[in-house]
$ cat data_24.cif   # mmCIF, C-alpha atoms; chains and numbers go by the auth columns
data_final
loop_
_atom_site.group_PDB
_atom_site.id
_atom_site.type_symbol
_atom_site.label_atom_id
_atom_site.label_comp_id
_atom_site.label_asym_id
_atom_site.label_seq_id
_atom_site.Cartn_x
_atom_site.Cartn_y
_atom_site.Cartn_z
_atom_site.B_iso_or_equiv
_atom_site.auth_seq_id
_atom_site.auth_asym_id
ATOM 1 C CA MET A 1 149.487 62.796 96.132 0.00 1 A
ATOM 2 C CA ARG A 2 151.243 63.161 99.446 0.00 2 A
ATOM 3 C CA PRO A 3 154.930 62.392 99.531 0.00 3 A
ATOM 4 C CA ALA A 4 155.904 59.370 101.547 0.00 4 A
ATOM 5 C CA GLY A 5 157.485 59.998 104.903 0.00 5 A
ATOM 6 C CA ARG A 6 157.176 62.823 107.353 0.00 6 A
ATOM 7 C CA VAL A 7 155.909 66.229 106.305 0.00 7 A
ATOM 8 C CA ARG A 8 157.653 69.209 107.874 0.00 8 A
ATOM 9 C CA LEU A 9 155.650 72.322 108.537 0.00 9 A
ATOM 10 C CA THR A 10 157.436 75.607 109.018 0.00 10 A
ATOM 11 C CA PRO A 11 155.886 78.545 110.841 0.00 11 A
ATOM 12 C CA VAL A 12 154.741 81.441 108.704 0.00 12 A
ATOM 13 C CA GLU A 13 156.606 84.649 109.299 0.00 13 A
ATOM 14 C CA GLU A 14 154.638 87.864 109.550 0.00 14 A
ATOM 15 C CA ALA A 15 155.209 90.388 106.845 0.00 15 A
ATOM 16 C CA SER A 16 156.837 93.620 107.914 0.00 16 A
ATOM 17 C CA GLY A 17 154.432 96.374 108.870 0.00 17 A
ATOM 18 C CA TYR A 18 151.825 94.000 110.292 0.00 18 A
ATOM 19 C CA GLU A 19 153.004 93.700 113.869 0.00 19 A
ATOM 20 C CA SER A 20 149.517 94.231 115.250 0.00 20 A
ATOM 21 C CA THR A 21 146.230 92.887 113.988 0.00 21 A
ATOM 22 C CA LYS A 22 144.402 96.056 115.044 0.00 22 A
ATOM 23 C CA ALA A 23 144.948 99.106 112.930 0.00 23 A
ATOM 24 C CA ALA A 24 146.005 102.159 114.878 0.00 24 A
ATOM 25 C CA THR A 25 143.302 104.799 114.938 0.00 25 A
ATOM 26 C CA PRO A 26 144.636 108.165 113.899 0.00 26 A
ATOM 27 C CA ALA A 27 144.331 110.977 116.378 0.00 27 A
ATOM 28 C CA ALA A 28 141.642 113.544 115.636 0.00 28 A
ATOM 29 C CA PRO A 29 143.002 116.800 114.294 0.00 29 A
ATOM 30 C CA ARG A 30 142.788 119.699 116.695 0.00 30 A
ATOM 31 C CA GLY A 31 139.941 122.090 116.305 0.00 31 A
ATOM 32 C CA TYR A 32 137.525 119.630 114.754 0.00 32 A
ATOM 33 C CA ASP A 33 134.674 117.840 116.494 0.00 33 A
ATOM 34 C CA VAL A 34 135.174 114.317 115.217 0.00 34 A
ATOM 35 C CA ALA A 35 132.798 111.565 116.323 0.00 35 A
ATOM 36 C CA PRO A 36 134.435 108.365 117.517 0.00 36 A
ATOM 37 C CA ALA A 37 134.490 105.405 115.154 0.00 37 A
ATOM 38 C CA PRO A 38 131.279 103.403 115.329 0.00 38 A
ATOM 39 C CA ASP A 39 131.427 100.159 117.281 0.00 39 A
ATOM 40 C CA PHE A 40 129.885 97.351 115.279 0.00 40 A
ATOM 41 C CA ALA A 41 130.418 94.675 117.928 0.00 41 A
ATOM 42 C CA ALA A 42 126.875 94.907 119.312 0.00 42 A
ATOM 43 C CA GLU A 43 125.365 94.791 115.840 0.00 43 A
ATOM 44 C CA THR A 44 127.583 91.864 114.927 0.00 44 A
ATOM 45 C CA ARG A 45 126.499 89.972 118.054 0.00 45 A
ATOM 46 C CA ALA A 46 122.841 90.700 117.312 0.00 46 A
ATOM 47 C CA MET A 47 123.248 89.535 113.729 0.00 47 A
ATOM 48 C CA ARG A 48 124.979 86.316 114.819 0.00 48 A
ATOM 49 C CA SER A 49 122.233 85.688 117.360 0.00 49 A
ATOM 50 C CA LEU A 50 119.580 86.251 114.697 0.00 50 A
ATOM 51 C CA MET A 51 121.360 83.915 112.286 0.00 51 A
ATOM 52 C CA ARG A 52 121.635 81.252 114.999 0.00 52 A
ATOM 53 C CA ARG A 53 117.908 81.517 115.733 0.00 53 A
ATOM 54 C CA GLU A 54 117.007 81.351 112.048 0.00 54 A
ATOM 55 C CA ARG A 55 119.258 78.352 111.517 0.00 55 A
ATOM 56 C CA SER A 56 117.781 76.631 114.555 0.00 56 A
ATOM 57 C CA SER A 57 114.233 77.218 113.348 0.00 57 A
ATOM 58 C CA ALA A 58 115.197 75.935 109.895 0.00 58 A
ATOM 59 C CA TYR A 59 116.603 72.747 111.456 0.00 59 A
ATOM 60 C CA TRP A 60 113.437 72.275 113.506 0.00 60 A
ATOM 61 C CA PHE A 61 111.289 72.838 110.407 0.00 61 A
ATOM 62 C CA ALA A 62 113.283 70.286 108.418 0.00 62 A
ATOM 63 C CA ALA A 63 113.113 67.764 111.254 0.00 63 A
ATOM 64 C CA ALA A 64 109.368 68.254 111.630 0.00 64 A
ATOM 65 C CA LYS A 65 108.830 67.995 107.874 0.00 65 A
ATOM 66 C CA TRP A 66 110.842 64.784 107.581 0.00 66 A
ATOM 67 C CA GLY A 67 109.265 63.411 110.747 0.00 67 A
ATOM 68 C CA MET A 68 105.729 64.000 109.530 0.00 68 A
ATOM 69 C CA GLY A 69 106.642 62.728 106.065 0.00 69 A
ATOM 70 C CA GLY A 70 108.055 59.559 107.607 0.00 70 A
ATOM 71 C CA LEU A 71 104.960 59.129 109.742 0.00 71 A
ATOM 72 C CA VAL A 72 102.632 59.452 106.748 0.00 72 A
ATOM 73 C CA LEU A 73 104.822 57.188 104.625 0.00 73 A
ATOM 74 C CA GLY A 74 104.871 54.592 107.418 0.00 74 A
ATOM 75 C CA MET A 75 101.090 54.711 107.714 0.00 75 A
ATOM 76 C CA VAL A 76 100.616 54.262 103.962 0.00 76 A
ATOM 77 C CA MET A 77 103.143 51.432 103.750 0.00 77 A
ATOM 78 C CA GLY A 78 101.697 49.718 106.823 0.00 78 A
ATOM 79 C CA ALA A 79 98.152 49.913 105.495 0.00 79 A
ATOM 80 C CA SER A 80 99.169 48.644 102.068 0.00 80 A
ATOM 81 C CA LEU A 81 101.160 45.737 103.533 0.00 81 A
ATOM 82 C CA MET A 82 98.260 44.820 105.830 0.00 82 A
ATOM 83 C CA TYR A 83 95.947 44.825 102.806 0.00 83 A
ATOM 84 C CA VAL A 84 98.321 42.614 100.827 0.00 84 A
ATOM 85 C CA ALA A 85 98.654 40.216 103.756 0.00 85 A
ATOM 86 C CA SER A 86 94.880 39.997 104.250 0.00 86 A
ATOM 87 C CA VAL A 87 94.281 39.395 100.544 0.00 87 A
ATOM 88 C CA ALA A 88 96.954 36.695 100.562 0.00 88 A
ATOM 89 C CA GLN A 89 95.262 34.984 103.547 0.00 89 A
ATOM 90 C CA LEU A 90 91.773 34.896 102.007 0.00 90 A
ATOM 91 C CA PRO A 91 92.257 31.629 100.045 0.00 91 A
ATOM 92 C CA VAL A 92 93.786 29.931 103.091 0.00 92 A
ATOM 93 C CA ALA A 93 90.881 31.034 105.296 0.00 93 A
ATOM 94 C CA GLN A 94 88.313 29.996 102.695 0.00 94 A
ATOM 95 C CA ASP A 95 89.914 26.556 102.430 0.00 95 A
ATOM 96 C CA ALA A 96 89.863 26.162 106.215 0.00 96 A
ATOM 97 C CA VAL A 97 86.175 27.117 106.410 0.00 97 A
ATOM 98 C CA ALA A 98 85.289 24.776 103.529 0.00 98 A
ATOM 99 C CA ARG A 99 87.219 21.895 105.116 0.00 99 A
ATOM 100 C CA GLY A 100 85.532 22.512 108.470 0.00 100 A
ATOM 101 C CA ALA A 101 82.108 22.524 106.807 0.00 101 A
ATOM 102 C CA ALA A 102 82.954 19.333 104.897 0.00 102 A
ATOM 103 C CA ILE A 103 84.128 17.599 108.084 0.00 103 A
ATOM 104 C CA ALA A 104 80.983 18.677 109.960 0.00 104 A
ATOM 105 C CA ALA A 105 78.744 17.490 107.091 0.00 105 A
ATOM 106 C CA ALA A 106 80.562 14.148 106.926 0.00 106 A
ATOM 107 C CA SER A 107 80.253 13.598 110.667 0.00 107 A
ATOM 108 C CA ASN A 108 76.547 14.478 110.569 0.00 108 A
ATOM 109 C CA ALA A 109 76.066 12.052 107.656 0.00 109 A
ATOM 110 C CA LEU A 110 77.824 9.270 109.596 0.00 110 A
ATOM 111 C CA ARG A 111 75.537 9.830 112.572 0.00 111 A
ATOM 112 C CA GLY A 112 72.587 9.238 110.325 0.00 112 A
ATOM 113 C CA ASP A 113 71.058 12.715 110.385 0.00 113 A
ATOM 114 C CA PRO A 114 71.918 14.415 107.056 0.00 114 A
ATOM 115 C CA THR A 115 69.514 17.291 107.650 0.00 115 A
ATOM 116 C CA ALA A 116 70.971 18.320 111.004 0.00 116 A
ATOM 117 C CA PRO A 117 72.573 21.741 111.034 0.00 117 A
ATOM 118 C CA ILE A 118 76.319 21.813 110.694 0.00 118 A
ATOM 119 C CA THR A 119 77.729 22.223 114.201 0.00 119 A
ATOM 120 C CA PRO A 120 81.295 21.659 115.264 0.00 120 A
ATOM 121 C CA GLN A 121 82.004 18.762 117.639 0.00 121 A
ATOM 122 C CA ARG A 122 83.368 19.503 121.093 0.00 122 A
#
$ encode --input "data_24.cif" --output "structure tokens"
Amino acid sequence: MRPAGRVRLTPVEEASGYESTKAATPAAPRGYDVAPAPDFAAETRAMRSLMRRERSSAYWFAAAKWGMGGLVLGMVMGASLMYVASVAQLPVAQDAVARGAAIAAASNALRGDPTAPITPQR
């Protein structure tokens, strides 16, 4: 746990012998043809660029995968919920049609023509 109150931070002192972060390159001995030390900066930049591109393509792949998965899942859920809603409405619709037919038959019977086709009144 953190102690209560203010926390004091002290600067870190450098150890002796590490005044510079770059190591001094030793001078080439005389009489020898020594190649200069290889510079890895360009290779490092190329590698970082490659890693950035790969990471970016991985992010795009993941986004596309989840996007398409969500689209398919939404279509399946929407279709299934529409099916459930239509099945739930069937009894209500059947009752409405039966009531309408019964009302039309009753009105035709009251008019005195029981064999007339069932037509709705305007």
$ atom_distance --input "data_24.cif" --atom1 "atom CA of Glu54 of chain A" --atom2 "atom CA of Gly69 of chain A"
22.1 Å
$ axis_aligned_box --input "data_24.cif" --around "segment 85-100 of chain A" --padding-each-side "4 Å" --output "JSON"
{"center_x": 92.0, "center_y": 31.1, "center_z": 104.3, "size_x": 21.4, "size_y": 26.3, "size_z": 16.4}
$ atom_distance --input "data_24.cif" --atom1 "atom CA of Ala63 of chain A" --atom2 "atom CA of Met77 of chain A"
20.6 Å
$ build_atoms --input "data_24.cif" --residues "segment 79-94 of chain A" --atoms "N, CA and C atoms" --output "mmCIF file, keeping the file's coordinate frame"
data_model
loop_
_atom_site.group_PDB
_atom_site.id
_atom_site.type_symbol
_atom_site.label_atom_id
_atom_site.label_comp_id
_atom_site.auth_asym_id
_atom_site.auth_seq_id
_atom_site.Cartn_x
_atom_site.Cartn_y
_atom_site.Cartn_z
ATOM 1 N N ALA A 79 99.495 50.251 105.961
ATOM 2 C CA ALA A 79 98.152 49.913 105.495
ATOM 3 C C ALA A 79 98.201 49.058 104.233
ATOM 4 N N SER A 80 99.091 49.418 103.312
ATOM 5 C CA SER A 80 99.169 48.644 102.068
ATOM 6 C C SER A 80 99.689 47.233 102.339
ATOM 7 N N LEU A 81 100.657 47.083 103.232
ATOM 8 C CA LEU A 81 101.160 45.737 103.533
ATOM 9 C C LEU A 81 100.116 44.912 104.287
ATOM 10 N N MET A 82 99.342 45.553 105.160
ATOM 11 C CA MET A 82 98.260 44.820 105.830
ATOM 12 C C MET A 82 97.216 44.361 104.826
ATOM 13 N N TYR A 83 96.904 45.198 103.845
ATOM 14 C CA TYR A 83 95.947 44.825 102.806
ATOM 15 C C TYR A 83 96.461 43.641 101.994
ATOM 16 N N VAL A 84 97.735 43.706 101.611
ATOM 17 C CA VAL A 84 98.321 42.614 100.827
ATOM 18 C C VAL A 84 98.314 41.324 101.631
ATOM 19 N N ALA A 85 98.638 41.419 102.921
ATOM 20 C CA ALA A 85 98.654 40.216 103.756
ATOM 21 C C ALA A 85 97.247 39.643 103.924
ATOM 22 N N SER A 86 96.249 40.507 104.087
ATOM 23 C CA SER A 86 94.880 39.997 104.250
ATOM 24 C C SER A 86 94.362 39.383 102.962
ATOM 25 N N VAL A 87 94.701 39.968 101.830
ATOM 26 C CA VAL A 87 94.281 39.395 100.544
ATOM 27 C C VAL A 87 94.975 38.057 100.315
ATOM 28 N N ALA A 88 96.227 37.956 100.738
ATOM 29 C CA ALA A 88 96.954 36.695 100.562
ATOM 30 C C ALA A 88 96.393 35.611 101.480
ATOM 31 N N GLN A 89 95.800 35.971 102.606
ATOM 32 C CA GLN A 89 95.262 34.984 103.547
ATOM 33 C C GLN A 89 93.839 34.553 103.216
ATOM 34 N N LEU A 90 93.155 35.254 102.334
ATOM 35 C CA LEU A 90 91.773 34.896 102.007
ATOM 36 C C LEU A 90 91.625 33.471 101.478
ATOM 37 N N PRO A 91 92.422 33.017 100.521
ATOM 38 C CA PRO A 91 92.257 31.629 100.045
ATOM 39 C C PRO A 91 92.511 30.604 101.146
ATOM 40 N N VAL A 92 93.482 30.866 102.009
ATOM 41 C CA VAL A 92 93.786 29.931 103.091
ATOM 42 C C VAL A 92 92.606 29.858 104.054
ATOM 43 N N ALA A 93 92.025 31.015 104.389
ATOM 44 C CA ALA A 93 90.881 31.034 105.296
ATOM 45 C C ALA A 93 89.664 30.373 104.662
ATOM 46 N N GLN A 94 89.451 30.619 103.374
ATOM 47 C CA GLN A 94 88.313 29.996 102.695
ATOM 48 C C GLN A 94 88.458 28.473 102.661
#
